[in-house]
Amino acid sequence: MSKRIRAISLCCVTVLCCLALIVGGTYALFSDSVNVVNHLQSGELKVQLWRDELSSTLLSDQGLLTSVQDNVAKEFTKATNDNIFGLSDEVKVVPGCEFGAKFSLKNNGDVAICFYLEFVLQGEANKLAEQLQLTLKTDTNTQTVMLGNLGEKYLWGNASSPLGNVLLDGVGTFTVQLKFVDDDEVNNEAQGQQLTVDMIVHAVQLTWQN
């Protein structure tokens with residue numbers, strides 16, 4: 001084989017090698033992908049508090065004790081100054097007065113909840129507080145305390161030991177009763193006194209850990 005033929009053959013081999021490298025490099029750059037878009041929406045803890053029933057024993061226009069029943073539901077979901085027993089500043093309480101309010105806590109959110117109550121006594125306890133008996137009831141629990149023994153605040157249940165659990169679209173119920181105990185020793189000392197007690201309903205997300 002002449003030198004000229006060998007040179008041409010070598011050039012051909014060199015070109016073939018370059019083509020092989022180009023094809024191989026292009027194949028290695030082939031790619032594909034899948035784009036997954038994740039949409040996240042946070043849930044809501046949303047409850048409604050309703051007073052379903054109200055029963056009262058209070059003074060009539062003639063100054064006598066009389067019983068009154070009100071089964072018209074009233075919503076207490078938002079913060080309000082409305083008295084849970086329907087009392088106004090014009091209504092006076094005396095020994096023998098009793099009040100009972102039945103509440104329902106409706107779960108309208110996206111998570112199961114548990115609930116408990118907190119009562120906050122505004123100002124210092126007085127003789128009126130010492131005669132007011134607070135009774136709290138659920139389907140499985142009843143507890144009675146005197147308002148004069150509440151101190152600054154009183155918890156009925158807590159997040160780790162709640163009064164009840166309410167699943168999605170469920171309803172939890174509880175009743176608050178207040179009685180002016182007739183105690184001859186302090187009746188007169190309570191005359192003309194005032195008292196303010198706030199009720200706070202706490203709803204907490206219920207998890208498998210509760």
# chains A, B, ... in the order shown; residues from 1 in each chain; ligands from 1
$ closest_atom_pairs --of "segment 84-149 of chain A" --to "segment 58-76 of chain A" --cutoff "8 Å" --atoms "only C-alpha atoms" --output "CSV"
residue,atom,partner,partner_atom,distance
A:Val91,CA,A:Leu59,CA,7.9
A:Lys92,CA,A:Leu59,CA,7.4
A:Val93,CA,A:Leu58,CA,6.8
A:Val94,CA,A:Leu58,CA,7.9
A:Gly96,CA,A:Leu65,CA,7.6
A:Cys97,CA,A:Leu58,CA,5.1
A:Glu98,CA,A:Leu58,CA,6.9
$ write_last_selection --atoms "all heavy atoms" --output "short mmCIF file (atom, residue, chain, number, x, y, z; two decimals), in the first residue's frame"
data_model
loop_
_atom_site.label_atom_id
_atom_site.label_comp_id
_atom_site.auth_asym_id
_atom_site.auth_seq_id
_atom_site.Cartn_x
_atom_site.Cartn_y
_atom_site.Cartn_z
N VAL A 91 -81.78 43.13 86.42
CA VAL A 91 -82.22 41.92 87.13
C VAL A 91 -81.40 41.75 88.40
O VAL A 91 -80.17 41.78 88.37
CB VAL A 91 -82.05 40.68 86.22
CG1 VAL A 91 -82.43 39.41 86.99
CG2 VAL A 91 -82.91 40.82 84.98
N LYS A 92 -82.09 41.60 89.52
CA LYS A 92 -81.43 41.42 90.81
C LYS A 92 -81.55 39.96 91.24
O LYS A 92 -82.60 39.33 91.05
CB LYS A 92 -82.06 42.33 91.87
CG LYS A 92 -82.18 43.80 91.45
CD LYS A 92 -80.82 44.41 91.12
CE LYS A 92 -80.99 45.88 90.73
NZ LYS A 92 -79.71 46.50 90.31
N VAL A 93 -80.48 39.45 91.81
CA VAL A 93 -80.50 38.08 92.31
C VAL A 93 -80.59 38.10 93.83
O VAL A 93 -80.02 38.97 94.49
CB VAL A 93 -79.25 37.30 91.85
CG1 VAL A 93 -79.24 37.15 90.35
CG2 VAL A 93 -77.96 37.95 92.33
N VAL A 94 -81.30 37.13 94.35
CA VAL A 94 -81.52 37.02 95.79
C VAL A 94 -81.39 35.55 96.17
O VAL A 94 -81.38 34.67 95.29
CB VAL A 94 -82.92 37.56 96.18
CG1 VAL A 94 -83.04 39.03 95.84
CG2 VAL A 94 -84.01 36.74 95.49
N GLY A 96 -82.17 31.91 96.73
CA GLY A 96 -83.21 31.10 96.09
C GLY A 96 -83.20 31.19 94.58
O GLY A 96 -83.81 30.35 93.91
N CYS A 97 -82.52 32.19 94.02
CA CYS A 97 -82.42 32.30 92.55
C CYS A 97 -81.54 31.18 92.01
O CYS A 97 -80.50 30.84 92.59
CB CYS A 97 -81.83 33.64 92.16
SG CYS A 97 -82.98 35.03 92.29
N GLU A 98 -81.96 30.62 90.89
CA GLU A 98 -81.18 29.57 90.23
C GLU A 98 -81.22 29.81 88.72
O GLU A 98 -82.23 30.26 88.18
CB GLU A 98 -81.73 28.17 90.54
CG GLU A 98 -81.61 27.76 91.98
CD GLU A 98 -82.06 26.32 92.20
OE1 GLU A 98 -81.76 25.47 91.33
OE2 GLU A 98 -82.72 26.05 93.22
#
$ residues_around --residues "Lys153 of chain A" --least-positions-apart "6" --cutoff "10 Å" --atoms "only C-alpha atoms" --output "list in words"
Glu118, Phe119, Val120, Leu121, Gln122, Leu147, Val197, Asp198 and Met199 of chain A
$ write_last_selection --atoms "N, CA, C and O atoms" --output "PDB file, in the first residue's frame"
ATOM      1  N   GLU A 118     -62.876  27.620  81.180  1.00  0.00           N
ATOM      2  CA  GLU A 118     -62.149  28.466  82.122  1.00  0.00           C
ATOM      3  C   GLU A 118     -63.098  29.563  82.612  1.00  0.00           C
ATOM      4  O   GLU A 118     -63.810  30.171  81.816  1.00  0.00           O
ATOM      5  N   PHE A 119     -63.114  29.772  83.921  1.00  0.00           N
ATOM      6  CA  PHE A 119     -63.917  30.832  84.515  1.00  0.00           C
ATOM      7  C   PHE A 119     -62.982  31.815  85.193  1.00  0.00           C
ATOM      8  O   PHE A 119     -62.118  31.428  85.988  1.00  0.00           O
ATOM      9  N   VAL A 120     -63.146  33.091  84.859  1.00  0.00           N
ATOM     10  CA  VAL A 120     -62.275  34.139  85.385  1.00  0.00           C
ATOM     11  C   VAL A 120     -63.115  35.098  86.214  1.00  0.00           C
ATOM     12  O   VAL A 120     -64.067  35.700  85.706  1.00  0.00           O
ATOM     13  N   LEU A 121     -62.761  35.243  87.476  1.00  0.00           N
ATOM     14  CA  LEU A 121     -63.461  36.148  88.377  1.00  0.00           C
ATOM     15  C   LEU A 121     -62.827  37.526  88.276  1.00  0.00           C
ATOM     16  O   LEU A 121     -61.641  37.701  88.551  1.00  0.00           O
ATOM     17  N   GLN A 122     -63.618  38.499  87.835  1.00  0.00           N
ATOM     18  CA  GLN A 122     -63.119  39.863  87.693  1.00  0.00           C
ATOM     19  C   GLN A 122     -63.177  40.576  89.043  1.00  0.00           C
ATOM     20  O   GLN A 122     -64.240  40.676  89.647  1.00  0.00           O
ATOM     21  N   LEU A 147     -68.215  30.164  93.904  1.00  0.00           N
ATOM     22  CA  LEU A 147     -67.471  31.202  93.200  1.00  0.00           C
ATOM     23  C   LEU A 147     -66.452  31.879  94.109  1.00  0.00           C
ATOM     24  O   LEU A 147     -65.402  32.324  93.659  1.00  0.00           O
ATOM     25  N   VAL A 197     -68.128  37.392  86.260  1.00  0.00           N
ATOM     26  CA  VAL A 197     -67.373  36.164  85.989  1.00  0.00           C
ATOM     27  C   VAL A 197     -67.409  35.895  84.494  1.00  0.00           C
ATOM     28  O   VAL A 197     -68.483  35.838  83.889  1.00  0.00           O
ATOM     29  N   ASP A 198     -66.236  35.752  83.888  1.00  0.00           N
ATOM     30  CA  ASP A 198     -66.146  35.443  82.463  1.00  0.00           C
ATOM     31  C   ASP A 198     -66.024  33.936  82.262  1.00  0.00           C
ATOM     32  O   ASP A 198     -65.276  33.264  82.991  1.00  0.00           O
ATOM     33  N   MET A 199     -66.750  33.408  81.280  1.00  0.00           N
ATOM     34  CA  MET A 199     -66.612  32.004  80.895  1.00  0.00           C
ATOM     35  C   MET A 199     -65.897  31.937  79.553  1.00  0.00           C
ATOM     36  O   MET A 199     -66.305  32.595  78.596  1.00  0.00           O
TER      37      MET A 199
END
$ atom_distance --atom1 "atom CA of Trp50 of chain A" --atom2 "atom CA of Leu105 of chain A"
6.6 Å
$ residues_around --residues "Leu45 of chain A" --least-positions-apart "4" --cutoff "9 Å" --atoms "only C-alpha atoms" --output "list of chain:residue names"
A:Asn107, A:Asn108, A:Gly109, A:Asp110, A:Val111, A:Ala112, A:Ile113, A:Ala203, A:Val204, A:Gln205
$ write_last_selection --atoms "all heavy atoms" --output "PDB file, in the first residue's frame"
ATOM      1  N   ASN A 107     -68.556  21.284  65.944  1.00  0.00           N
ATOM      2  CA  ASN A 107     -67.291  21.237  65.214  1.00  0.00           C
ATOM      3  C   ASN A 107     -67.559  21.394  63.722  1.00  0.00           C
ATOM      4  O   ASN A 107     -68.012  20.474  63.056  1.00  0.00           O
ATOM      5  CB  ASN A 107     -66.567  19.912  65.486  1.00  0.00           C
ATOM      6  CG  ASN A 107     -65.176  19.871  64.882  1.00  0.00           C
ATOM      7  OD1 ASN A 107     -64.802  20.752  64.110  1.00  0.00           O
ATOM      8  ND2 ASN A 107     -64.402  18.856  65.231  1.00  0.00           N
ATOM      9  N   ASN A 108     -67.270  22.593  63.191  1.00  0.00           N
ATOM     10  CA  ASN A 108     -67.476  22.870  61.765  1.00  0.00           C
ATOM     11  C   ASN A 108     -66.162  22.969  61.003  1.00  0.00           C
ATOM     12  O   ASN A 108     -66.144  23.464  59.877  1.00  0.00           O
ATOM     13  CB  ASN A 108     -68.249  24.186  61.594  1.00  0.00           C
ATOM     14  CG  ASN A 108     -69.647  24.105  62.160  1.00  0.00           C
ATOM     15  OD1 ASN A 108     -70.264  23.048  62.179  1.00  0.00           O
ATOM     16  ND2 ASN A 108     -70.151  25.229  62.655  1.00  0.00           N
ATOM     17  N   GLY A 109     -65.071  22.522  61.598  1.00  0.00           N
ATOM     18  CA  GLY A 109     -63.762  22.660  60.976  1.00  0.00           C
ATOM     19  C   GLY A 109     -63.302  21.400  60.269  1.00  0.00           C
ATOM     20  O   GLY A 109     -64.113  20.559  59.851  1.00  0.00           O
ATOM     21  N   ASP A 110     -61.984  21.257  60.177  1.00  0.00           N
ATOM     22  CA  ASP A 110     -61.377  20.133  59.454  1.00  0.00           C
ATOM     23  C   ASP A 110     -60.648  19.160  60.357  1.00  0.00           C
ATOM     24  O   ASP A 110     -60.072  18.181  59.885  1.00  0.00           O
ATOM     25  CB  ASP A 110     -60.385  20.674  58.401  1.00  0.00           C
ATOM     26  CG  ASP A 110     -61.044  21.627  57.424  1.00  0.00           C
ATOM     27  OD1 ASP A 110     -62.084  21.249  56.854  1.00  0.00           O
ATOM     28  OD2 ASP A 110     -60.536  22.750  57.233  1.00  0.00           O
ATOM     29  N   VAL A 111     -60.618  19.445  61.665  1.00  0.00           N
ATOM     30  CA  VAL A 111     -59.893  18.584  62.598  1.00  0.00           C
ATOM     31  C   VAL A 111     -60.789  18.237  63.777  1.00  0.00           C
ATOM     32  O   VAL A 111     -61.698  18.991  64.135  1.00  0.00           O
ATOM     33  CB  VAL A 111     -58.606  19.272  63.120  1.00  0.00           C
ATOM     34  CG1 VAL A 111     -57.624  19.506  61.991  1.00  0.00           C
ATOM     35  CG2 VAL A 111     -58.934  20.591  63.817  1.00  0.00           C
ATOM     36  N   ALA A 112     -60.536  17.087  64.361  1.00  0.00           N
ATOM     37  CA  ALA A 112     -61.226  16.730  65.598  1.00  0.00           C
ATOM     38  C   ALA A 112     -60.721  17.630  66.721  1.00  0.00           C
ATOM     39  O   ALA A 112     -59.578  18.102  66.690  1.00  0.00           O
ATOM     40  CB  ALA A 112     -60.976  15.262  65.935  1.00  0.00           C
ATOM     41  N   ILE A 113     -61.558  17.883  67.710  1.00  0.00           N
ATOM     42  CA  ILE A 113     -61.176  18.787  68.790  1.00  0.00           C
ATOM     43  C   ILE A 113     -61.492  18.166  70.148  1.00  0.00           C
ATOM     44  O   ILE A 113     -62.267  17.212  70.262  1.00  0.00           O
ATOM     45  CB  ILE A 113     -61.906  20.139  68.693  1.00  0.00           C
ATOM     46  CG1 ILE A 113     -63.422  19.938  68.859  1.00  0.00           C
ATOM     47  CG2 ILE A 113     -61.595  20.851  67.391  1.00  0.00           C
ATOM     48  CD1 ILE A 113     -64.205  21.226  69.043  1.00  0.00           C
ATOM     49  N   ALA A 203     -61.109  25.319  72.760  1.00  0.00           N
ATOM     50  CA  ALA A 203     -61.151  24.200  71.821  1.00  0.00           C
ATOM     51  C   ALA A 203     -59.746  23.970  71.285  1.00  0.00           C
ATOM     52  O   ALA A 203     -59.106  24.894  70.795  1.00  0.00           O
ATOM     53  CB  ALA A 203     -62.122  24.479  70.687  1.00  0.00           C
ATOM     54  N   VAL A 204     -59.255  22.735  71.373  1.00  0.00           N
ATOM     55  CA  VAL A 204     -57.894  22.395  70.979  1.00  0.00           C
ATOM     56  C   VAL A 204     -57.931  21.219  70.010  1.00  0.00           C
ATOM     57  O   VAL A 204     -58.760  20.315  70.168  1.00  0.00           O
ATOM     58  CB  VAL A 204     -57.044  22.012  72.233  1.00  0.00           C
ATOM     59  CG1 VAL A 204     -55.613  21.694  71.830  1.00  0.00           C
ATOM     60  CG2 VAL A 204     -57.084  23.137  73.260  1.00  0.00           C
ATOM     61  N   GLN A 205     -57.056  21.255  69.019  1.00  0.00           N
ATOM     62  CA  GLN A 205     -57.013  20.147  68.064  1.00  0.00           C
ATOM     63  C   GLN A 205     -56.747  18.836  68.783  1.00  0.00           C
ATOM     64  O   GLN A 205     -55.857  18.726  69.627  1.00  0.00           O
ATOM     65  CB  GLN A 205     -55.923  20.373  67.008  1.00  0.00           C
ATOM     66  CG  GLN A 205     -55.851  19.241  65.979  1.00  0.00           C
ATOM     67  CD  GLN A 205     -54.754  19.451  64.952  1.00  0.00           C
ATOM     68  OE1 GLN A 205     -54.163  20.525  64.871  1.00  0.00           O
ATOM     69  NE2 GLN A 205     -54.481  18.436  64.158  1.00  0.00           N
TER      70      GLN A 205
END
$ residues_around --residues "Gln177 of chain A" --least-positions-apart "6" --cutoff "10 Å" --atoms "only C-alpha atoms" --output "ChimeraX atom specification"
/A:54-56,85,98-102,133-137,144
$ select_by_dssp --residues "chain A" --states "strand (DSSP E or B)" --output "MDAnalysis selection string"
chainID A and resid 47:59 65:70 74:75 98:107 113:122 132:137 142:146 153:156 164:166 171:180 196:205
$ write_last_selection --atoms "C-alpha atoms" --output "PDB file, in the first residue's frame"
ATOM      1  CA  VAL A  47     -66.315  25.794  66.268  1.00  0.00           C
ATOM      2  CA  GLN A  48     -69.686  27.303  67.069  1.00  0.00           C
ATOM      3  CA  LEU A  49     -71.005  27.748  70.614  1.00  0.00           C
ATOM      4  CA  TRP A  50     -74.773  27.785  71.118  1.00  0.00           C
ATOM      5  CA  ARG A  51     -76.907  28.114  74.226  1.00  0.00           C
ATOM      6  CA  ASP A  52     -79.749  25.696  73.514  1.00  0.00           C
ATOM      7  CA  GLU A  53     -81.767  25.921  76.722  1.00  0.00           C
ATOM      8  CA  LEU A  54     -82.101  28.436  79.543  1.00  0.00           C
ATOM      9  CA  SER A  55     -83.984  27.879  82.782  1.00  0.00           C
ATOM     10  CA  SER A  56     -84.247  30.475  85.533  1.00  0.00           C
ATOM     11  CA  THR A  57     -85.769  30.991  88.953  1.00  0.00           C
ATOM     12  CA  LEU A  58     -85.747  34.736  89.553  1.00  0.00           C
ATOM     13  CA  LEU A  59     -87.750  37.644  90.868  1.00  0.00           C
ATOM     14  CA  LEU A  65     -89.539  33.937  92.920  1.00  0.00           C
ATOM     15  CA  THR A  66     -90.854  32.485  89.660  1.00  0.00           C
ATOM     16  CA  SER A  67     -89.578  29.910  87.154  1.00  0.00           C
ATOM     17  CA  VAL A  68     -88.936  30.799  83.514  1.00  0.00           C
ATOM     18  CA  GLN A  69     -87.954  28.483  80.633  1.00  0.00           C
ATOM     19  CA  ASP A  70     -86.441  29.623  77.325  1.00  0.00           C
ATOM     20  CA  LYS A  74     -78.715  31.787  70.970  1.00  0.00           C
ATOM     21  CA  GLU A  75     -75.208  31.826  69.493  1.00  0.00           C
ATOM     22  CA  GLU A  98     -81.180  29.573  90.226  1.00  0.00           C
ATOM     23  CA  PHE A  99     -80.025  29.632  86.609  1.00  0.00           C
ATOM     24  CA  GLY A 100     -79.154  26.854  84.188  1.00  0.00           C
ATOM     25  CA  ALA A 101     -77.786  27.134  80.650  1.00  0.00           C
ATOM     26  CA  LYS A 102     -77.221  24.159  78.363  1.00  0.00           C
ATOM     27  CA  PHE A 103     -74.608  24.666  75.642  1.00  0.00           C
ATOM     28  CA  SER A 104     -73.617  22.804  72.508  1.00  0.00           C
ATOM     29  CA  LEU A 105     -70.173  23.105  70.911  1.00  0.00           C
ATOM     30  CA  LYS A 106     -70.360  22.297  67.189  1.00  0.00           C
ATOM     31  CA  ASN A 107     -67.291  21.237  65.214  1.00  0.00           C
ATOM     32  CA  ILE A 113     -61.176  18.787  68.790  1.00  0.00           C
ATOM     33  CA  CYS A 114     -61.274  18.496  72.548  1.00  0.00           C
ATOM     34  CA  PHE A 115     -62.619  21.213  74.832  1.00  0.00           C
ATOM     35  CA  TYR A 116     -62.443  22.535  78.380  1.00  0.00           C
ATOM     36  CA  LEU A 117     -63.742  25.584  80.274  1.00  0.00           C
ATOM     37  CA  GLU A 118     -62.149  28.466  82.122  1.00  0.00           C
ATOM     38  CA  PHE A 119     -63.917  30.832  84.515  1.00  0.00           C
ATOM     39  CA  VAL A 120     -62.275  34.139  85.385  1.00  0.00           C
ATOM     40  CA  LEU A 121     -63.461  36.148  88.377  1.00  0.00           C
ATOM     41  CA  GLN A 122     -63.119  39.863  87.693  1.00  0.00           C
ATOM     42  CA  LEU A 132     -73.012  31.640  94.521  1.00  0.00           C
ATOM     43  CA  GLN A 133     -72.671  27.944  93.757  1.00  0.00           C
ATOM     44  CA  LEU A 134     -71.453  26.932  90.286  1.00  0.00           C
ATOM     45  CA  THR A 135     -72.290  23.455  89.008  1.00  0.00           C
ATOM     46  CA  LEU A 136     -70.793  22.148  85.762  1.00  0.00           C
ATOM     47  CA  LYS A 137     -72.139  19.090  83.984  1.00  0.00           C
ATOM     48  CA  THR A 142     -70.409  16.790  87.365  1.00  0.00           C
ATOM     49  CA  GLN A 143     -68.494  19.260  89.498  1.00  0.00           C
ATOM     50  CA  THR A 144     -69.654  21.890  91.989  1.00  0.00           C
ATOM     51  CA  VAL A 145     -67.651  24.826  93.326  1.00  0.00           C
ATOM     52  CA  MET A 146     -68.408  28.075  95.124  1.00  0.00           C
ATOM     53  CA  LYS A 153     -59.525  31.872  87.652  1.00  0.00           C
ATOM     54  CA  TYR A 154     -60.740  28.320  87.591  1.00  0.00           C
ATOM     55  CA  LEU A 155     -60.154  25.607  84.987  1.00  0.00           C
ATOM     56  CA  TRP A 156     -62.650  22.822  84.420  1.00  0.00           C
ATOM     57  CA  GLY A 164     -64.956  15.934  75.963  1.00  0.00           C
ATOM     58  CA  ASN A 165     -63.918  15.190  72.409  1.00  0.00           C
ATOM     59  CA  VAL A 166     -65.791  16.331  69.308  1.00  0.00           C
ATOM     60  CA  VAL A 171     -71.394  18.205  68.834  1.00  0.00           C
ATOM     61  CA  GLY A 172     -70.236  18.345  72.445  1.00  0.00           C
ATOM     62  CA  THR A 173     -72.592  19.460  75.210  1.00  0.00           C
ATOM     63  CA  PHE A 174     -72.229  20.863  78.708  1.00  0.00           C
ATOM     64  CA  THR A 175     -74.426  22.636  81.236  1.00  0.00           C
ATOM     65  CA  VAL A 176     -73.585  25.519  83.570  1.00  0.00           C
ATOM     66  CA  GLN A 177     -75.790  26.067  86.610  1.00  0.00           C
ATOM     67  CA  LEU A 178     -75.636  28.922  89.096  1.00  0.00           C
ATOM     68  CA  LYS A 179     -77.470  28.996  92.435  1.00  0.00           C
ATOM     69  CA  PHE A 180     -77.742  31.720  95.081  1.00  0.00           C
ATOM     70  CA  THR A 196     -68.520  39.608  87.139  1.00  0.00           C
ATOM     71  CA  VAL A 197     -67.373  36.164  85.989  1.00  0.00           C
ATOM     72  CA  ASP A 198     -66.146  35.443  82.463  1.00  0.00           C
ATOM     73  CA  MET A 199     -66.612  32.004  80.895  1.00  0.00           C
ATOM     74  CA  ILE A 200     -64.061  30.979  78.265  1.00  0.00           C
ATOM     75  CA  VAL A 201     -64.497  27.846  76.152  1.00  0.00           C
ATOM     76  CA  HIS A 202     -61.180  26.424  74.937  1.00  0.00           C
ATOM     77  CA  ALA A 203     -61.151  24.200  71.821  1.00  0.00           C
ATOM     78  CA  VAL A 204     -57.894  22.395  70.979  1.00  0.00           C
ATOM     79  CA  GLN A 205     -57.013  20.147  68.064  1.00  0.00           C
TER      80      GLN A 205
END
$ residues_around --residues "segment 187-195 of chain A" --least-positions-apart "6" --cutoff "8 Å" --atoms "only C-alpha atoms" --output "PyMOL selection string"
chain A and resi 95+121-123+125-129+131
$ write_last_selection --atoms "all heavy atoms" --output "mmCIF file, in the first residue's frame"
data_model
loop_
_atom_site.group_PDB
_atom_site.id
_atom_site.type_symbol
_atom_site.label_atom_id
_atom_site.label_comp_id
_atom_site.auth_asym_id
_atom_site.auth_seq_id
_atom_site.Cartn_x
_atom_site.Cartn_y
_atom_site.Cartn_z
ATOM 1 N N PRO A 95 -81.286 35.254 97.466
ATOM 2 C CA PRO A 95 -81.258 33.845 97.869
ATOM 3 C C PRO A 95 -82.450 33.086 97.301
ATOM 4 O O PRO A 95 -83.588 33.564 97.341
ATOM 5 C CB PRO A 95 -81.324 33.939 99.404
ATOM 6 C CG PRO A 95 -80.693 35.255 99.728
ATOM 7 C CD PRO A 95 -81.117 36.162 98.617
ATOM 8 N N LEU A 121 -62.761 35.243 87.476
ATOM 9 C CA LEU A 121 -63.461 36.148 88.377
ATOM 10 C C LEU A 121 -62.827 37.526 88.276
ATOM 11 O O LEU A 121 -61.641 37.701 88.551
ATOM 12 C CB LEU A 121 -63.368 35.618 89.809
ATOM 13 C CG LEU A 121 -64.078 36.416 90.898
ATOM 14 C CD1 LEU A 121 -65.577 36.430 90.655
ATOM 15 C CD2 LEU A 121 -63.761 35.826 92.273
ATOM 16 N N GLN A 122 -63.618 38.499 87.835
ATOM 17 C CA GLN A 122 -63.119 39.863 87.693
ATOM 18 C C GLN A 122 -63.177 40.576 89.043
ATOM 19 O O GLN A 122 -64.240 40.676 89.647
ATOM 20 C CB GLN A 122 -63.944 40.635 86.657
ATOM 21 C CG GLN A 122 -63.963 40.005 85.279
ATOM 22 C CD GLN A 122 -62.606 40.075 84.585
ATOM 23 O OE1 GLN A 122 -61.692 40.755 85.046
ATOM 24 N NE2 GLN A 122 -62.473 39.369 83.480
ATOM 25 N N GLY A 123 -62.036 41.056 89.496
ATOM 26 C CA GLY A 123 -62.005 41.708 90.799
ATOM 27 C C GLY A 123 -61.875 40.687 91.923
ATOM 28 O O GLY A 123 -61.701 39.488 91.700
ATOM 29 N N ALA A 125 -63.085 38.457 95.220
ATOM 30 C CA ALA A 125 -64.286 37.776 95.686
ATOM 31 C C ALA A 125 -64.899 38.558 96.848
ATOM 32 O O ALA A 125 -64.192 39.160 97.647
ATOM 33 C CB ALA A 125 -63.937 36.355 96.116
ATOM 34 N N ASN A 126 -66.229 38.557 96.907
ATOM 35 C CA ASN A 126 -66.933 39.242 97.982
ATOM 36 C C ASN A 126 -67.957 38.295 98.606
ATOM 37 O O ASN A 126 -67.980 37.102 98.311
ATOM 38 C CB ASN A 126 -67.583 40.524 97.460
ATOM 39 C CG ASN A 126 -68.442 40.266 96.220
ATOM 40 O OD1 ASN A 126 -68.949 39.160 96.018
ATOM 41 N ND2 ASN A 126 -68.609 41.288 95.381
ATOM 42 N N LYS A 127 -68.820 38.831 99.456
ATOM 43 C CA LYS A 127 -69.804 37.994 100.123
ATOM 44 C C LYS A 127 -70.810 37.410 99.137
ATOM 45 O O LYS A 127 -71.327 36.319 99.345
ATOM 46 C CB LYS A 127 -70.526 38.796 101.211
ATOM 47 C CG LYS A 127 -69.640 39.166 102.402
ATOM 48 C CD LYS A 127 -69.119 37.908 103.099
ATOM 49 C CE LYS A 127 -68.249 38.266 104.292
ATOM 50 N NZ LYS A 127 -67.740 37.053 104.996
ATOM 51 N N LEU A 128 -71.089 38.146 98.065
ATOM 52 C CA LEU A 128 -71.981 37.606 97.039
ATOM 53 C C LEU A 128 -71.357 36.369 96.402
ATOM 54 O O LEU A 128 -72.034 35.354 96.195
ATOM 55 C CB LEU A 128 -72.268 38.667 95.974
ATOM 56 C CG LEU A 128 -73.118 38.232 94.780
ATOM 57 C CD1 LEU A 128 -74.480 37.727 95.246
ATOM 58 C CD2 LEU A 128 -73.271 39.363 93.781
ATOM 59 N N ALA A 129 -70.066 36.438 96.090
ATOM 60 C CA ALA A 129 -69.374 35.293 95.487
ATOM 61 C C ALA A 129 -69.410 34.080 96.412
ATOM 62 O O ALA A 129 -69.505 32.940 95.961
ATOM 63 C CB ALA A 129 -67.938 35.670 95.158
ATOM 64 N N GLN A 131 -71.747 33.118 98.194
ATOM 65 C CA GLN A 131 -73.058 32.485 98.221
ATOM 66 C C GLN A 131 -73.485 31.930 96.867
ATOM 67 O O GLN A 131 -74.557 31.339 96.750
ATOM 68 C CB GLN A 131 -74.118 33.484 98.709
ATOM 69 C CG GLN A 131 -74.036 33.751 100.197
ATOM 70 C CD GLN A 131 -75.172 34.647 100.662
ATOM 71 O OE1 GLN A 131 -74.970 35.823 100.906
ATOM 72 N NE2 GLN A 131 -76.364 34.086 100.771
#
$ atom_distance --atom1 "atom CA of Thr138 of chain A" --atom2 "atom CA of Gly170 of chain A"
15.2 Å
$ atom_distance --atom1 "atom CA of Asp184 of chain A" --atom2 "atom CA of Glu130 of chain A"
12.5 Å
$ select_by_dssp --residues "segment 106-173 of chain A" --states "alpha helix (DSSP H)" --output "VMD selection string"
chain A and resid 127 to 131
